[in-house]
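Engineer: Dumping the structure here so I can ask a few things about it.
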Amino acid sequence: MDAMREKLLELEDLLWKANREGDGDFYQKYLLDDAVAVTKFGIIDKATAVPGIRINHNPFVKTDRSDEQVITVDDHTAIVTYRVDVTALVDGNEVHLPSYASTVWTDVHGDWRVAFHQQTAL
């Protein structure tokens with residue numbers, strides 16, 4: 001269980017890093033084809049999310065997570081929850097966007113993939 005926790009927290013780090021860097025290829029690989037995200041901007045599917053990450057109009061410059069929990073559903077499914085304090089550049093100005101977030105991860109033939117991600121703006 002500790003190995004699962006460490007792996008999933010590492011993958012969350014990499015997801016946020018890919019977001020900051022506009023690395024849509026990472027999202028292409030790690031999101032299931034039918035994955036969705038629910039945010040204040042609506043319900044976003046993979047086909048919308050990946051190009052959006054690549055365009056990176058309002059780049060995230062900081063994504064600090066805290067209060068992390070990993071909830072094991074079964075051997076192949078876990079939920080990672082946390083608070084994330086995001087700083088984004090919007091029209092050249094830093095904007096702070098704190099949220100609570102959850103990611104549902106599923107193990108597909110030994111590889112962890114995102115099935116669902118949710119953010120609740122604070």
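FYI, nothing fancy with the structure tokens labels: chains A, B, ... in order, residues from 1 per chain, ligands from 1 as they appear.
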Set the distance at 9 Å and use only C-alpha atoms: which residues neighbour Ala49 (chain A) once local chain neighbours fewer than 3 positions away are removed? I'd like the list as a count of residues only.
Structural biologist: 11
Engineer: Using only C-alpha atoms, determine which residues lie at most 7 Å from Ser102 (chain A), disregarding the query and same-chain residues fewer than 4 positions distant; provide the list as a PDB file with C-alpha atoms, in the first residue's frame.
Structural biologist:
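File produced: selection-v2.pdb:
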ATOM      1  CA  ILE A  79      -8.452   8.207  -5.155  1.00  0.00           C
ATOM      2  CA  VAL A  80      -5.899  10.926  -4.447  1.00  0.00           C
ATOM      3  CA  THR A  81      -7.307  14.001  -2.695  1.00  0.00           C
ATOM      4  CA  TYR A  82      -5.571  17.213  -1.683  1.00  0.00           C
ATOM      5  CA  HIS A 117     -10.253  14.449 -11.965  1.00  0.00           C
ATOM      6  CA  GLN A 118     -12.235  17.039 -10.035  1.00  0.00           C
ATOM      7  CA  GLN A 119     -11.386  20.518  -8.759  1.00  0.00           C
TER       8      GLN A 119
END
Engineer: DSSP on the backbone, then: every residue of chain A marked helix (DSSP H, G or I), written as a ChimeraX atom specification.
Structural biologist: /A:2-21,24-30,46-55
Engineer: Please list as a PDB file with C-alpha atoms, in the first residue's frame every residue within 9 Å of Pro59 (chain A), counting only C-alpha atoms and excluding residues in the same chain fewer than 3 positions away.
Structural biologist:
ATOM      1  CA  ASN A  19       0.353  21.136 -16.810  1.00  0.00           C
ATOM      2  CA  ARG A  20       2.872  23.853 -15.880  1.00  0.00           C
ATOM      3  CA  GLU A  21       5.049  22.977 -18.882  1.00  0.00           C
ATOM      4  CA  GLY A  22       2.251  22.555 -21.437  1.00  0.00           C
ATOM      5  CA  ILE A  53      -2.698  21.719 -21.986  1.00  0.00           C
ATOM      6  CA  ASN A  56      -1.167  26.642 -22.253  1.00  0.00           C
ATOM      7  CA  THR A  87      -0.670  30.438  -9.319  1.00  0.00           C
ATOM      8  CA  ALA A  88      -1.375  31.096 -13.003  1.00  0.00           C
ATOM      9  CA  LEU A  89      -0.323  33.858 -15.370  1.00  0.00           C
ATOM     10  CA  VAL A  90      -3.441  35.539 -16.750  1.00  0.00           C
TER      11      VAL A  90
END
Engineer: Taking only chain A into account, list the residues labelled strand (DSSP E or B) by DSSP (computed from the backbone), as an mmCIF file with N, CA and C atoms, in the first residue's frame.
Structural biologist:
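Result went into selection11.cif, see below:
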data_model
loop_
_atom_site.group_PDB
_atom_site.id
_atom_site.type_symbol
_atom_site.label_atom_id
_atom_site.label_comp_id
_atom_site.auth_asym_id
_atom_site.auth_seq_id
_atom_site.Cartn_x
_atom_site.Cartn_y
_atom_site.Cartn_z
ATOM 1 N N LEU A 31 -4.136 9.882 -19.376
ATOM 2 C CA LEU A 31 -5.585 9.931 -19.249
ATOM 3 C C LEU A 31 -6.203 8.784 -20.041
ATOM 4 N N LEU A 32 -7.126 8.075 -19.413
ATOM 5 C CA LEU A 32 -7.901 7.085 -20.157
ATOM 6 C C LEU A 32 -8.649 7.798 -21.283
ATOM 7 N N ASP A 33 -8.967 7.092 -22.344
ATOM 8 C CA ASP A 33 -9.666 7.720 -23.462
ATOM 9 C C ASP A 33 -11.003 8.323 -23.046
ATOM 10 N N ASP A 34 -11.664 7.726 -22.064
ATOM 11 C CA ASP A 34 -12.959 8.249 -21.619
ATOM 12 C C ASP A 34 -12.858 9.040 -20.308
ATOM 13 N N ALA A 35 -11.655 9.467 -19.947
ATOM 14 C CA ALA A 35 -11.458 10.261 -18.722
ATOM 15 C C ALA A 35 -12.149 11.615 -18.857
ATOM 16 N N VAL A 36 -12.614 12.128 -17.713
ATOM 17 C CA VAL A 36 -13.187 13.473 -17.674
ATOM 18 C C VAL A 36 -12.663 14.206 -16.451
ATOM 19 N N ALA A 37 -12.687 15.523 -16.559
ATOM 20 C CA ALA A 37 -12.383 16.392 -15.428
ATOM 21 C C ALA A 37 -13.582 17.291 -15.204
ATOM 22 N N VAL A 38 -13.880 17.558 -13.933
ATOM 23 C CA VAL A 38 -14.969 18.452 -13.577
ATOM 24 C C VAL A 38 -14.354 19.632 -12.836
ATOM 25 N N THR A 39 -14.507 20.825 -13.413
ATOM 26 C CA THR A 39 -13.939 22.041 -12.826
ATOM 27 C C THR A 39 -14.976 23.152 -12.918
ATOM 28 N N GLY A 42 -16.447 23.561 -16.286
ATOM 29 C CA GLY A 42 -17.353 22.562 -16.830
ATOM 30 C C GLY A 42 -16.753 21.171 -16.811
ATOM 31 N N ILE A 43 -17.376 20.286 -17.589
ATOM 32 C CA ILE A 43 -16.923 18.904 -17.723
ATOM 33 C C ILE A 43 -16.052 18.836 -18.968
ATOM 34 N N ILE A 44 -14.806 18.412 -18.775
ATOM 35 C CA ILE A 44 -13.820 18.444 -19.849
ATOM 36 C C ILE A 44 -13.375 17.011 -20.141
ATOM 37 N N ASP A 45 -13.498 16.601 -21.391
ATOM 38 C CA ASP A 45 -13.052 15.261 -21.769
ATOM 39 C C ASP A 45 -11.596 15.304 -22.241
ATOM 40 N N PHE A 60 0.377 27.732 -15.581
ATOM 41 C CA PHE A 60 0.526 27.624 -14.135
ATOM 42 C C PHE A 60 2.009 27.779 -13.821
ATOM 43 N N VAL A 61 2.320 28.663 -12.890
ATOM 44 C CA VAL A 61 3.714 28.850 -12.488
ATOM 45 C C VAL A 61 3.993 28.206 -11.138
ATOM 46 N N LYS A 62 2.916 27.888 -10.410
ATOM 47 C CA LYS A 62 3.074 27.236 -9.109
ATOM 48 C C LYS A 62 1.873 26.336 -8.882
ATOM 49 N N THR A 63 2.134 25.123 -8.369
ATOM 50 C CA THR A 63 1.061 24.175 -8.061
ATOM 51 C C THR A 63 1.459 23.416 -6.795
ATOM 52 N N ASP A 64 1.300 24.058 -5.662
ATOM 53 C CA ASP A 64 1.699 23.461 -4.386
ATOM 54 C C ASP A 64 0.538 22.678 -3.783
ATOM 55 N N ARG A 65 0.787 21.380 -3.514
ATOM 56 C CA ARG A 65 -0.245 20.519 -2.936
ATOM 57 C C ARG A 65 -0.005 20.330 -1.442
ATOM 58 N N SER A 66 -1.106 20.160 -0.715
ATOM 59 C CA SER A 66 -1.024 19.876 0.722
ATOM 60 C C SER A 66 -2.208 19.004 1.118
ATOM 61 N N ASP A 67 -2.175 18.503 2.341
ATOM 62 C CA ASP A 67 -3.280 17.682 2.885
ATOM 63 C C ASP A 67 -3.606 16.488 1.991
ATOM 64 N N GLU A 68 -2.568 15.847 1.453
ATOM 65 C CA GLU A 68 -2.767 14.733 0.533
ATOM 66 C C GLU A 68 -3.244 13.481 1.257
ATOM 67 N N GLN A 69 -4.185 12.813 0.615
ATOM 68 C CA GLN A 69 -4.655 11.518 1.084
ATOM 69 C C GLN A 69 -4.763 10.592 -0.118
ATOM 70 N N VAL A 70 -4.436 9.343 0.085
ATOM 71 C CA VAL A 70 -4.646 8.326 -0.940
ATOM 72 C C VAL A 70 -5.614 7.306 -0.355
ATOM 73 N N ILE A 71 -6.747 7.168 -0.999
ATOM 74 C CA ILE A 71 -7.790 6.256 -0.545
ATOM 75 C C ILE A 71 -7.814 5.069 -1.505
ATOM 76 N N THR A 72 -7.537 3.897 -0.983
ATOM 77 C CA THR A 72 -7.530 2.687 -1.807
ATOM 78 C C THR A 72 -8.947 2.141 -1.900
ATOM 79 N N VAL A 73 -9.456 2.030 -3.114
ATOM 80 C CA VAL A 73 -10.776 1.456 -3.350
ATOM 81 C C VAL A 73 -10.643 -0.059 -3.463
ATOM 82 N N ASP A 74 -9.689 -0.499 -4.281
ATOM 83 C CA ASP A 74 -9.345 -1.910 -4.405
ATOM 84 C C ASP A 74 -7.924 -1.982 -4.971
ATOM 85 N N THR A 77 -7.751 0.441 -8.094
ATOM 86 C CA THR A 77 -8.373 1.760 -8.105
ATOM 87 C C THR A 77 -8.052 2.499 -6.812
ATOM 88 N N ALA A 78 -7.690 3.779 -6.958
ATOM 89 C CA ALA A 78 -7.425 4.613 -5.785
ATOM 90 C C ALA A 78 -7.821 6.050 -6.101
ATOM 91 N N ILE A 79 -8.095 6.797 -5.036
ATOM 92 C CA ILE A 79 -8.452 8.207 -5.155
ATOM 93 C C ILE A 79 -7.399 9.014 -4.410
ATOM 94 N N VAL A 80 -6.853 10.021 -5.080
ATOM 95 C CA VAL A 80 -5.899 10.926 -4.447
ATOM 96 C C VAL A 80 -6.619 12.255 -4.247
ATOM 97 N N THR A 81 -6.661 12.724 -2.999
ATOM 98 C CA THR A 81 -7.307 14.001 -2.695
ATOM 99 C C THR A 81 -6.301 14.932 -2.045
ATOM 100 N N TYR A 82 -6.502 16.231 -2.235
ATOM 101 C CA TYR A 82 -5.571 17.213 -1.683
ATOM 102 C C TYR A 82 -6.094 18.628 -1.915
ATOM 103 N N ARG A 83 -5.411 19.570 -1.311
ATOM 104 C CA ARG A 83 -5.591 20.981 -1.625
ATOM 105 C C ARG A 83 -4.455 21.352 -2.563
ATOM 106 N N VAL A 84 -4.758 22.157 -3.575
ATOM 107 C CA VAL A 84 -3.710 22.636 -4.476
ATOM 108 C C VAL A 84 -3.809 24.160 -4.558
ATOM 109 N N ASP A 85 -2.687 24.793 -4.320
ATOM 110 C CA ASP A 85 -2.601 26.246 -4.418
ATOM 111 C C ASP A 85 -1.883 26.572 -5.724
ATOM 112 N N VAL A 86 -2.685 26.950 -6.715
ATOM 113 C CA VAL A 86 -2.188 27.217 -8.059
ATOM 114 C C VAL A 86 -1.977 28.720 -8.220
ATOM 115 N N THR A 87 -0.881 29.076 -8.854
ATOM 116 C CA THR A 87 -0.670 30.438 -9.319
ATOM 117 C C THR A 87 -0.532 30.353 -10.831
ATOM 118 N N ALA A 88 -1.376 31.099 -11.543
ATOM 119 C CA ALA A 88 -1.375 31.096 -13.003
ATOM 120 C C ALA A 88 -1.071 32.502 -13.507
ATOM 121 N N LEU A 89 -0.515 32.565 -14.710
ATOM 122 C CA LEU A 89 -0.323 33.858 -15.370
ATOM 123 C C LEU A 89 -1.524 34.111 -16.274
ATOM 124 N N VAL A 90 -2.272 35.161 -15.964
ATOM 125 C CA VAL A 90 -3.441 35.539 -16.750
ATOM 126 C C VAL A 90 -3.205 36.968 -17.223
ATOM 127 N N ASN A 93 -0.445 38.709 -15.470
ATOM 128 C CA ASN A 93 -0.564 38.913 -14.019
ATOM 129 C C ASN A 93 -0.714 37.582 -13.302
ATOM 130 N N GLU A 94 -0.086 37.469 -12.135
ATOM 131 C CA GLU A 94 -0.244 36.252 -11.341
ATOM 132 C C GLU A 94 -1.609 36.255 -10.666
ATOM 133 N N VAL A 95 -2.316 35.158 -10.839
ATOM 134 C CA VAL A 95 -3.638 34.979 -10.233
ATOM 135 C C VAL A 95 -3.574 33.722 -9.380
ATOM 136 N N HIS A 96 -4.053 33.817 -8.144
ATOM 137 C CA HIS A 96 -4.035 32.684 -7.223
ATOM 138 C C HIS A 96 -5.367 31.945 -7.320
ATOM 139 N N LEU A 97 -5.278 30.633 -7.510
ATOM 140 C CA LEU A 97 -6.456 29.797 -7.743
ATOM 141 C C LEU A 97 -6.438 28.573 -6.822
ATOM 142 N N PRO A 98 -6.687 28.771 -5.536
ATOM 143 C CA PRO A 98 -6.696 27.607 -4.639
ATOM 144 C C PRO A 98 -7.911 26.725 -4.891
ATOM 145 N N SER A 99 -7.711 25.427 -4.765
ATOM 146 C CA SER A 99 -8.786 24.457 -4.993
ATOM 147 C C SER A 99 -8.574 23.225 -4.123
ATOM 148 N N TYR A 100 -9.650 22.492 -3.921
ATOM 149 C CA TYR A 100 -9.554 21.121 -3.473
ATOM 150 C C TYR A 100 -9.621 20.272 -4.732
ATOM 151 N N ALA A 101 -8.874 19.182 -4.769
ATOM 152 C CA ALA A 101 -8.844 18.351 -5.968
ATOM 153 C C ALA A 101 -8.862 16.873 -5.599
ATOM 154 N N SER A 102 -9.384 16.084 -6.512
ATOM 155 C CA SER A 102 -9.387 14.626 -6.385
ATOM 156 C C SER A 102 -9.114 14.028 -7.758
ATOM 157 N N THR A 103 -8.327 12.974 -7.768
ATOM 158 C CA THR A 103 -8.063 12.231 -8.998
ATOM 159 C C THR A 103 -8.348 10.760 -8.728
ATOM 160 N N VAL A 104 -9.128 10.153 -9.596
ATOM 161 C CA VAL A 104 -9.370 8.719 -9.523
ATOM 162 C C VAL A 104 -8.401 8.045 -10.492
ATOM 163 N N TRP A 105 -7.567 7.186 -9.935
ATOM 164 C CA TRP A 105 -6.572 6.442 -10.707
ATOM 165 C C TRP A 105 -7.001 4.987 -10.826
ATOM 166 N N THR A 106 -6.755 4.393 -11.994
ATOM 167 C CA THR A 106 -7.042 2.983 -12.181
ATOM 168 C C THR A 106 -5.817 2.298 -12.798
ATOM 169 N N ASP A 107 -5.561 1.104 -12.347
ATOM 170 C CA ASP A 107 -4.427 0.318 -12.826
ATOM 171 C C ASP A 107 -4.886 -0.474 -14.046
ATOM 172 N N VAL A 108 -4.301 -0.153 -15.195
ATOM 173 C CA VAL A 108 -4.635 -0.833 -16.441
ATOM 174 C C VAL A 108 -3.425 -1.671 -16.850
ATOM 175 N N ASP A 111 -0.207 -0.359 -15.368
ATOM 176 C CA ASP A 111 0.091 1.063 -15.550
ATOM 177 C C ASP A 111 -1.054 1.901 -14.991
ATOM 178 N N TRP A 112 -0.729 2.859 -14.129
ATOM 179 C CA TRP A 112 -1.748 3.721 -13.542
ATOM 180 C C TRP A 112 -2.178 4.789 -14.540
ATOM 181 N N ARG A 113 -3.496 4.975 -14.655
ATOM 182 C CA ARG A 113 -4.070 5.954 -15.578
ATOM 183 C C ARG A 113 -5.180 6.732 -14.857
ATOM 184 N N VAL A 114 -5.387 7.961 -15.300
ATOM 185 C CA VAL A 114 -6.433 8.815 -14.725
ATOM 186 C C VAL A 114 -7.772 8.486 -15.382
ATOM 187 N N ALA A 115 -8.762 8.195 -14.532
ATOM 188 C CA ALA A 115 -10.125 7.980 -15.001
ATOM 189 C C ALA A 115 -10.972 9.235 -14.812
ATOM 190 N N PHE A 116 -10.658 10.011 -13.744
ATOM 191 C CA PHE A 116 -11.497 11.155 -13.384
ATOM 192 C C PHE A 116 -10.672 12.123 -12.554
ATOM 193 N N HIS A 117 -10.890 13.404 -12.786
ATOM 194 C CA HIS A 117 -10.253 14.449 -11.965
ATOM 195 C C HIS A 117 -11.294 15.516 -11.687
ATOM 196 N N GLN A 118 -11.266 16.030 -10.465
ATOM 197 C CA GLN A 118 -12.235 17.039 -10.035
ATOM 198 C C GLN A 118 -11.506 18.142 -9.300
ATOM 199 N N GLN A 119 -11.919 19.396 -9.528
ATOM 200 C CA GLN A 119 -11.386 20.518 -8.759
ATOM 201 C C GLN A 119 -12.535 21.400 -8.289
ATOM 202 N N THR A 120 -12.500 21.743 -7.015
ATOM 203 C CA THR A 120 -13.470 22.650 -6.439
ATOM 204 C C THR A 120 -12.738 23.909 -6.037
ATOM 205 N N ALA A 121 -13.028 24.994 -6.714
ATOM 206 C CA ALA A 121 -12.362 26.269 -6.426
ATOM 207 C C ALA A 121 -12.736 26.756 -5.028
#
Engineer: CA of Arg5 (chain A) and CA of Ala47 (chain A) are how many Å apart?
Structural biologist: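 Atom-to-atom, CA of Arg5 (chain A) and CA of Ala47 (chain A) are spaced 28.1 Å apart.
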